Amino acid sequence: MASNPKTSKEAKAAAKQESDRPLTIPSTLTVRQLAELVGASPVEVIKDLMKNGVMAAINQVIDYETAAIVARNMGFQTKEAPPPEESAERAVIEEEDASLLQTRPAVVTIMGHVDHGKTKLLDAIRNTNVAAGEVGGITQHIGAYQVELHGQRITFVDTPGHEAFTAMRARGARVTDIAVLVIAANDGVMPQTVEAIDHAKAAGVPIVVAINKMDLEDANPDRVKQQLSEHGLIIEEWGGDVICVPVSAKTQDGLGDLLENIVLVAEVQELKANPQRPAVGTVIEAEMDSSRGPMATMLVQAGTLHGGDVVVADETWGKVKAMFNERGQRVKTASPSTPAKVMGLSAVPHAGDAFTVVKNEQIARSLVTERQRKREAASVRPTRGVTLETLYGEISTGKVKELNIVLKADVQGTLDAVRTALERLSEKQVQVNIIHAATGIIIESDVMLALASKGIVIGFNSRPDTGGRRLAETEGVDIRYYEVIYDLIEDVTKAVKGLLEPVYEDVVEGHAEVRQVFRVRGGRVAGCYVRDGVVTRGASARLLREDEVIHTSRVATLRRFQDDAKEVQAGYECGVGIEDFQDFQEGDVIELYSRQRKS
Ligand code: GDP
C-alpha cells in the first residue's frame, strides 16, 4: 500500500543511517559468508561482484578488499578484522602464568606387543575402578576414560598401541604423559615391545612397565627384567629408574599397585594446567553418528570446555550442543585431562587434530577459511616429512638440531654395524640419533615414527611393504635405500655438513591442446582439451608451439565450465590461464610437469 510514502528526504536520511552501519570483515572469507554478514542472498553478492569484474562462485574465498567493495555498495562502513590468532594453541598450554596453574590428572597410553594383554588390561582397569561416586550409565568406548584412586584421577587413552600414539604425534598432538608398557610374563620382550619402547622414548614420555599374565604357570618376570635391561630400561630394584609392576589383567591382581605407581610418576612430573582459560586440547577420536551428526571425543589439555562454546578443530568448527562422558551421561563442563564426547561440529575432524575454543562464530569461520586457503595455497606435493637433502636447510634455520633415523636392516649383524657407524657421525651442530633400529622390512609404524620425529627412514637391504611405501609417499617421508655401508656413510656425512645437493628431474604429468582462445577480464585463457594425464591448478607448465618451448610458468587458473577446478583429467575440456602469459594460439600444447627428486 502506498500510504505514508517516505519523502525522498527521509529515504536519503535512512540510507545515510544505513551507510553508517559499521561492519568488520575478516581478511579472507567465502562469498557465502560475506552474504551472511551483509544480510543479502549469495546471488545478490555474486551479481555485485560481477558488476565489479570479479567472477566468484558461492564457496570461493575472496579477500577483504574485494568483500569491502560489495559491503560498501550495500551501505556498510567496513573495517578489516585483525587476523585470527593462528594455532598457537599447543604452545599456549606451556606458556601459562604459573600462578594460574593447577594439578591435572595424568594421561596414560597403554602400549606393547600384540596379545600381551593391552585391551584386557584397559578393560580390567576400567571395570575395577570406575571413577568412584559416579555410578550409573553404561560404559562406552569414547576413546578415553578416567579412573579414580584415593581422590586422584588418571585418564587412560583406550585405543592402545604405539601406532595410534605416534600417528597422533605426527599430527602434532602431545597427549600422553605416561606410557604403560605391557609385557606378557610368559612371552617376554618381543619386536613390538621394542618398537613401543622406542616410540615412547622418541616422544620423551616416561615408561611404567606392567608385567602381565602373572597368573600363568610359565610366567617368568625375571627374564622380562633382564630383557628390558638389554634395551636400556633398567628397573628400580636393579638400580635404574624404571618402575616395573607385576599384574594379571585376568585375575586383576596388581592393578591397584599399577595405578599407585602411575600416580607416583605423575606426581614427579608435576602435571599442571590452567582450568580458567578457554579450552584447548586434542581430538582423540571422531565419527559420524547417523542420528547425532559428527561426534568428536575431545581431550581437554588446558582450560575448561563448556556447553555452548564455539570450538575449532583443524578445518571444522561448531558450537558445543551437548557433551557426554564415557558413561554416556551428559556433562556441562570438561576440565583439563578430561575427555568429553562433543556434539555440534560441522564435520568429522581427525584424531590428533588440535582444537581450540574461540570467542565467537565469526572468528571460528574466518579461522577455518584461513586454514583452507593456506592448505590450498600450499604446494600440491606434501612436505610434512624431512629429506636428507633438505635437512641441512632445516638445521641452519634452527628447525631441527638432530638427524633422527629409523633404521631397518635385513640381519642383526648388519644392523649393529650400520648403527655403530652412523652414531659416530654426529657433528657439533647435528646429533645423529638412531631412534629405532630393527631387522625386517620397513612398515607403516616405522614411517610414522620418522614423520612424528622429523626424521628419515634408512633401509639397509630392506624395502618397505605397501603400507609403509604409501604413507611415505603421501606424507613426504624420505626413505633411503642402501646396500653398501660406504654409500650410506657418505650421504649422511654430506647431509650433516650441508653438502648434499638434491637432484631433481622434471616428470611430465600431462598435455592439454589449445583449441580456442578466450578473452576474459584481466587477459586471455586457453580453451583446452586434455589429451593425456592431468592438468592441475598450480602445476608447472610449458607452452609448446610446434614442439618449441615458448613460455615456462604455472597454471594460474583452471576452470571446468563456470567453476574453478583443482584438476582436470584426460578426455575433458577446460579453460586454462597461464601465469604471465596471454599470447595463446590455436594448436599450442600446454605441457604440465612437476619437479621431483631423483632417487
Ligand atoms: P592385546 O593384543 O595386547 O590387546 O591383547 P588382549 O588384551 O587382546 O589379550 C590377548 C589374550 O591374552 C587374550 O586371550 C586375553 O584373554 C589374554 N590375557 C590378557 N591378559 C591376561 C592375563 O593377565 N592372564 C591371562 N592368563 N591371560 C590374559
# chains A, B, ... in the order shown; residues from 1 in each chain; ligands from 1
$ closest_atom_pairs --of "chain A" --to "ligand 1" --cutoff "9 Å" --atoms "only C-alpha atoms and all ligand atoms" --output "JSON lines"
{"residue": "A:Ile110", "atom": "CA", "partner": "ligand 1", "partner_atom_place_in_ligand_line": "3 (O)", "distance": 8.9}
{"residue": "A:Met111", "atom": "CA", "partner": "ligand 1", "partner_atom_place_in_ligand_line": "3 (O)", "distance": 7.8}
{"residue": "A:Gly112", "atom": "CA", "partner": "ligand 1", "partner_atom_place_in_ligand_line": "3 (O)", "distance": 6.3}
{"residue": "A:His113", "atom": "CA", "partner": "ligand 1", "partner_atom_place_in_ligand_line": "3 (O)", "distance": 6.0}
{"residue": "A:Val114", "atom": "CA", "partner": "ligand 1", "partner_atom_place_in_ligand_line": "2 (O)", "distance": 3.9}
{"residue": "A:Asp115", "atom": "CA", "partner": "ligand 1", "partner_atom_place_in_ligand_line": "2 (O)", "distance": 3.4}
{"residue": "A:His116", "atom": "CA", "partner": "ligand 1", "partner_atom_place_in_ligand_line": "3 (O)", "distance": 4.2}
{"residue": "A:Gly117", "atom": "CA", "partner": "ligand 1", "partner_atom_place_in_ligand_line": "7 (O)", "distance": 3.3}
{"residue": "A:Lys118", "atom": "CA", "partner": "ligand 1", "partner_atom_place_in_ligand_line": "3 (O)", "distance": 3.7}
{"residue": "A:Thr119", "atom": "CA", "partner": "ligand 1", "partner_atom_place_in_ligand_line": "7 (O)", "distance": 3.6}
{"residue": "A:Lys120", "atom": "CA", "partner": "ligand 1", "partner_atom_place_in_ligand_line": "7 (O)", "distance": 3.7}
{"residue": "A:Leu121", "atom": "CA", "partner": "ligand 1", "partner_atom_place_in_ligand_line": "7 (O)", "distance": 6.3}
{"residue": "A:Leu122", "atom": "CA", "partner": "ligand 1", "partner_atom_place_in_ligand_line": "7 (O)", "distance": 7.9}
{"residue": "A:Asp123", "atom": "CA", "partner": "ligand 1", "partner_atom_place_in_ligand_line": "7 (O)", "distance": 8.3}
{"residue": "A:Pro160", "atom": "CA", "partner": "ligand 1", "partner_atom_place_in_ligand_line": "4 (O)", "distance": 7.1}
{"residue": "A:Gly161", "atom": "CA", "partner": "ligand 1", "partner_atom_place_in_ligand_line": "3 (O)", "distance": 8.1}
{"residue": "A:Val182", "atom": "CA", "partner": "ligand 1", "partner_atom_place_in_ligand_line": "3 (O)", "distance": 7.5}
{"residue": "A:Ile183", "atom": "CA", "partner": "ligand 1", "partner_atom_place_in_ligand_line": "3 (O)", "distance": 8.6}
{"residue": "A:Ala184", "atom": "CA", "partner": "ligand 1", "partner_atom_place_in_ligand_line": "20 (N)", "distance": 7.7}
{"residue": "A:Ala185", "atom": "CA", "partner": "ligand 1", "partner_atom_place_in_ligand_line": "23 (O)", "distance": 8.9}
{"residue": "A:Ile211", "atom": "CA", "partner": "ligand 1", "partner_atom_place_in_ligand_line": "23 (O)", "distance": 8.9}
{"residue": "A:Asn212", "atom": "CA", "partner": "ligand 1", "partner_atom_place_in_ligand_line": "23 (O)", "distance": 5.1}
{"residue": "A:Lys213", "atom": "CA", "partner": "ligand 1", "partner_atom_place_in_ligand_line": "23 (O)", "distance": 3.4}
{"residue": "A:Met214", "atom": "CA", "partner": "ligand 1", "partner_atom_place_in_ligand_line": "23 (O)", "distance": 6.2}
{"residue": "A:Asp215", "atom": "CA", "partner": "ligand 1", "partner_atom_place_in_ligand_line": "24 (N)", "distance": 5.7}
{"residue": "A:Leu216", "atom": "CA", "partner": "ligand 1", "partner_atom_place_in_ligand_line": "26 (N)", "distance": 5.5}
{"residue": "A:Val247", "atom": "CA", "partner": "ligand 1", "partner_atom_place_in_ligand_line": "23 (O)", "distance": 6.7}
{"residue": "A:Ser248", "atom": "CA", "partner": "ligand 1", "partner_atom_place_in_ligand_line": "23 (O)", "distance": 3.5}
{"residue": "A:Ala249", "atom": "CA", "partner": "ligand 1", "partner_atom_place_in_ligand_line": "23 (O)", "distance": 3.7}
{"residue": "A:Lys250", "atom": "CA", "partner": "ligand 1", "partner_atom_place_in_ligand_line": "23 (O)", "distance": 4.1}
{"residue": "A:Thr251", "atom": "CA", "partner": "ligand 1", "partner_atom_place_in_ligand_line": "23 (O)", "distance": 6.6}
{"residue": "A:Gln252", "atom": "CA", "partner": "ligand 1", "partner_atom_place_in_ligand_line": "23 (O)", "distance": 7.4}
{"residue": "A:Asp253", "atom": "CA", "partner": "ligand 1", "partner_atom_place_in_ligand_line": "23 (O)", "distance": 8.5}
$ select_by_dssp --residues "segment 200-273 of chain A" --states "helix (DSSP H, G or I)" --output "ChimeraX atom specification"
/A:200-203,221-230,236-238,255-269
$ closest_atom_pairs --of "segment 468-534 of chain A" --to "segment 575-582 of chain A" --cutoff "7 Å" --atoms "only C-alpha atoms" --output "Markdown table"
| residue | atom | partner | partner_atom | distance |
| --- | --- | --- | --- | --- |
| A:Gly523 | CA | A:Gln582 | CA | 6.2 |
| A:Arg524 | CA | A:Gln582 | CA | 5.3 |
| A:Val525 | CA | A:Gly577 | CA | 4.6 |
| A:Ala526 | CA | A:Val576 | CA | 5.1 |
| A:Gly527 | CA | A:Gly575 | CA | 4.5 |
| A:Cys528 | CA | A:Gly575 | CA | 5.9 |
$ write_last_selection --atoms "C-alpha atoms" --output "short mmCIF file (atom, residue, chain, number, x, y, z; two decimals), in the first residue's frame"
data_model
loop_
_atom_site.label_atom_id
_atom_site.label_comp_id
_atom_site.auth_asym_id
_atom_site.auth_seq_id
_atom_site.Cartn_x
_atom_site.Cartn_y
_atom_site.Cartn_z
CA GLY A 523 43.68 -11.27 -20.09
CA ARG A 524 43.18 -14.41 -22.08
CA VAL A 525 42.65 -18.04 -21.29
CA ALA A 526 43.02 -21.08 -23.44
CA GLY A 527 40.08 -23.38 -24.02
CA CYS A 528 41.80 -26.74 -23.94
#
$ residues_around --residues "Thr356 of chain A" --least-positions-apart "2" --cutoff "7 Å" --atoms "only C-alpha atoms" --output "PyMOL selection string"
chain A and resi 89+279-281+311-313+354+358
$ residues_around --residues "Lys332 of chain A" --least-positions-apart "3" --cutoff "7 Å" --atoms "only C-alpha atoms" --output "CSV table (one decimal) with C-alpha atoms, in the first residue's frame"
chain,number,residue,atom,x,y,z
A,306,HIS,CA,31.6,-25.6,28.4
A,307,GLY,CA,28.4,-26.4,26.6
A,323,MET,CA,28.8,-33.2,25.8
$ residues_around --residues "segment 556-570 of chain A" --least-positions-apart "6" --cutoff "8 Å" --atoms "only C-alpha atoms" --output "PyMOL selection string"
chain A and resi 57+510+529-538+576-579
$ write_last_selection --atoms "all heavy atoms" --output "compact mmCIF listing (two decimals), in the first residue's frame"
# COMPACT_ATOMS: atom_id res chain seq x y z
N ALA A 57 32.45 -17.95 -7.36
CA ALA A 57 31.40 -18.91 -7.01
C ALA A 57 31.07 -18.78 -5.53
O ALA A 57 31.82 -18.14 -4.78
CB ALA A 57 31.86 -20.33 -7.32
N GLY A 510 51.14 -34.37 -18.01
CA GLY A 510 50.03 -34.40 -18.97
C GLY A 510 50.20 -33.34 -20.04
O GLY A 510 51.12 -32.50 -19.99
N TYR A 529 41.66 -29.04 -24.54
CA TYR A 529 41.23 -30.43 -24.42
C TYR A 529 42.42 -31.18 -23.80
O TYR A 529 43.54 -31.08 -24.31
CB TYR A 529 40.89 -30.99 -25.79
CG TYR A 529 40.63 -32.47 -25.77
CD1 TYR A 529 39.42 -32.98 -25.29
CD2 TYR A 529 41.61 -33.37 -26.21
CE1 TYR A 529 39.19 -34.34 -25.26
CE2 TYR A 529 41.39 -34.73 -26.18
CZ TYR A 529 40.18 -35.22 -25.70
OH TYR A 529 39.96 -36.56 -25.65
N VAL A 530 42.16 -31.88 -22.68
CA VAL A 530 43.28 -32.57 -22.02
C VAL A 530 43.54 -33.88 -22.76
O VAL A 530 42.71 -34.78 -22.76
CB VAL A 530 42.98 -32.84 -20.53
CG1 VAL A 530 44.19 -33.46 -19.84
CG2 VAL A 530 42.56 -31.57 -19.82
N ARG A 531 44.69 -33.94 -23.42
CA ARG A 531 45.00 -35.08 -24.28
C ARG A 531 45.42 -36.31 -23.48
O ARG A 531 45.00 -37.42 -23.73
CB ARG A 531 46.13 -34.67 -25.21
CG ARG A 531 45.89 -35.09 -26.62
CD ARG A 531 46.76 -34.36 -27.59
NE ARG A 531 48.17 -34.40 -27.23
CZ ARG A 531 49.09 -33.68 -27.86
NH1 ARG A 531 48.75 -32.88 -28.85
NH2 ARG A 531 50.34 -33.75 -27.50
N ASP A 532 46.28 -36.08 -22.50
CA ASP A 532 46.69 -37.20 -21.65
C ASP A 532 47.07 -36.66 -20.28
O ASP A 532 47.31 -35.46 -20.12
CB ASP A 532 47.89 -37.96 -22.27
CG ASP A 532 49.07 -37.04 -22.50
OD1 ASP A 532 49.84 -36.82 -21.55
OD2 ASP A 532 49.21 -36.51 -23.63
N GLY A 533 47.09 -37.54 -19.31
CA GLY A 533 47.49 -37.15 -17.96
C GLY A 533 46.46 -36.26 -17.29
O GLY A 533 45.25 -36.46 -17.45
N VAL A 534 46.93 -35.23 -16.64
CA VAL A 534 46.05 -34.40 -15.85
C VAL A 534 46.58 -32.97 -15.81
O VAL A 534 47.79 -32.76 -15.86
CB VAL A 534 45.92 -35.00 -14.42
CG1 VAL A 534 47.25 -35.06 -13.70
CG2 VAL A 534 44.92 -34.25 -13.56
N VAL A 535 45.65 -32.02 -15.79
CA VAL A 535 46.05 -30.61 -15.60
C VAL A 535 45.68 -30.25 -14.17
O VAL A 535 44.55 -30.46 -13.74
CB VAL A 535 45.28 -29.67 -16.55
CG1 VAL A 535 45.77 -28.24 -16.40
CG2 VAL A 535 45.42 -30.13 -17.99
N THR A 536 46.63 -29.72 -13.43
CA THR A 536 46.39 -29.38 -12.03
C THR A 536 46.62 -27.90 -11.84
O THR A 536 47.60 -27.36 -12.36
CB THR A 536 47.36 -30.15 -11.12
OG1 THR A 536 47.47 -31.47 -11.58
CG2 THR A 536 46.89 -30.13 -9.68
N ARG A 537 45.72 -27.26 -11.09
CA ARG A 537 45.95 -25.84 -10.78
C ARG A 537 47.24 -25.71 -10.00
O ARG A 537 47.50 -26.47 -9.08
CB ARG A 537 44.77 -25.29 -9.98
CG ARG A 537 44.91 -23.85 -9.59
CD ARG A 537 43.57 -23.14 -9.55
NE ARG A 537 42.52 -23.94 -8.96
CZ ARG A 537 42.14 -23.84 -7.68
NH1 ARG A 537 42.73 -22.99 -6.88
NH2 ARG A 537 41.16 -24.58 -7.22
N GLY A 538 48.07 -24.77 -10.39
CA GLY A 538 49.33 -24.56 -9.70
C GLY A 538 50.49 -25.36 -10.28
O GLY A 538 51.64 -25.13 -9.95
N VAL A 576 42.23 -22.83 -19.35
CA VAL A 576 43.50 -22.74 -18.61
C VAL A 576 44.08 -21.34 -18.76
O VAL A 576 44.19 -20.82 -19.87
CB VAL A 576 44.52 -23.76 -19.18
CG1 VAL A 576 45.84 -23.67 -18.44
CG2 VAL A 576 43.98 -25.18 -19.11
N GLY A 577 44.41 -20.74 -17.63
CA GLY A 577 45.14 -19.48 -17.65
C GLY A 577 46.56 -19.74 -17.18
O GLY A 577 46.77 -20.48 -16.24
N ILE A 578 47.51 -19.16 -17.90
CA ILE A 578 48.91 -19.39 -17.55
C ILE A 578 49.49 -18.11 -16.98
O ILE A 578 49.22 -17.02 -17.50
CB ILE A 578 49.72 -19.79 -18.83
CG1 ILE A 578 49.18 -21.10 -19.40
CG2 ILE A 578 51.20 -19.88 -18.55
CD1 ILE A 578 49.65 -22.34 -18.74
N GLU A 579 50.25 -18.27 -15.92
CA GLU A 579 50.83 -17.10 -15.26
C GLU A 579 51.73 -16.33 -16.23
O GLU A 579 52.57 -16.93 -16.91
CB GLU A 579 51.65 -17.60 -14.06
CG GLU A 579 51.84 -16.58 -12.99
CD GLU A 579 52.40 -17.26 -11.74
OE1 GLU A 579 53.63 -17.42 -11.67
OE2 GLU A 579 51.59 -17.65 -10.89
$ residues_around --residues "Asp63 of chain A" --least-positions-apart "2" --cutoff "12 Å" --atoms "only C-alpha atoms" --output "count of residues only"
25
$ atom_distance --atom1 "atom CA of Ile485 of chain A" --atom2 "atom CA of Ala438 of chain A"
16.5 Å
$ residues_around --residues "Thr282 of chain A" --least-positions-apart "4" --cutoff "7 Å" --atoms "only C-alpha atoms" --output "PyMOL selection string"
chain A and resi 173+298-300+352-355
$ closest_residue --among "A:Ala472, A:Met74, A:Ala202, A:Leu367" --to "Ile434 of chain A" --atoms "only C-alpha atoms"
A:Ala202
$ atom_distance --atom1 "atom CA of Lys319 of chain A" --atom2 "atom CA of Val38 of chain A"
21.9 Å
$ select_by_dssp --residues "segment 283-532 of chain A" --states "strand (DSSP E or B)" --output "PyMOL selection string"
chain A and resi 283-289+293-302+304-306+310-313+316-324+330-331+333-334+339-345+354-358+402-409+431-439+442+456-460+464+479-482+504-520+523-532
$ atom_distance --atom1 "atom CA of Thr128 of chain A" --atom2 "atom CA of Met168 of chain A"
28.2 Å
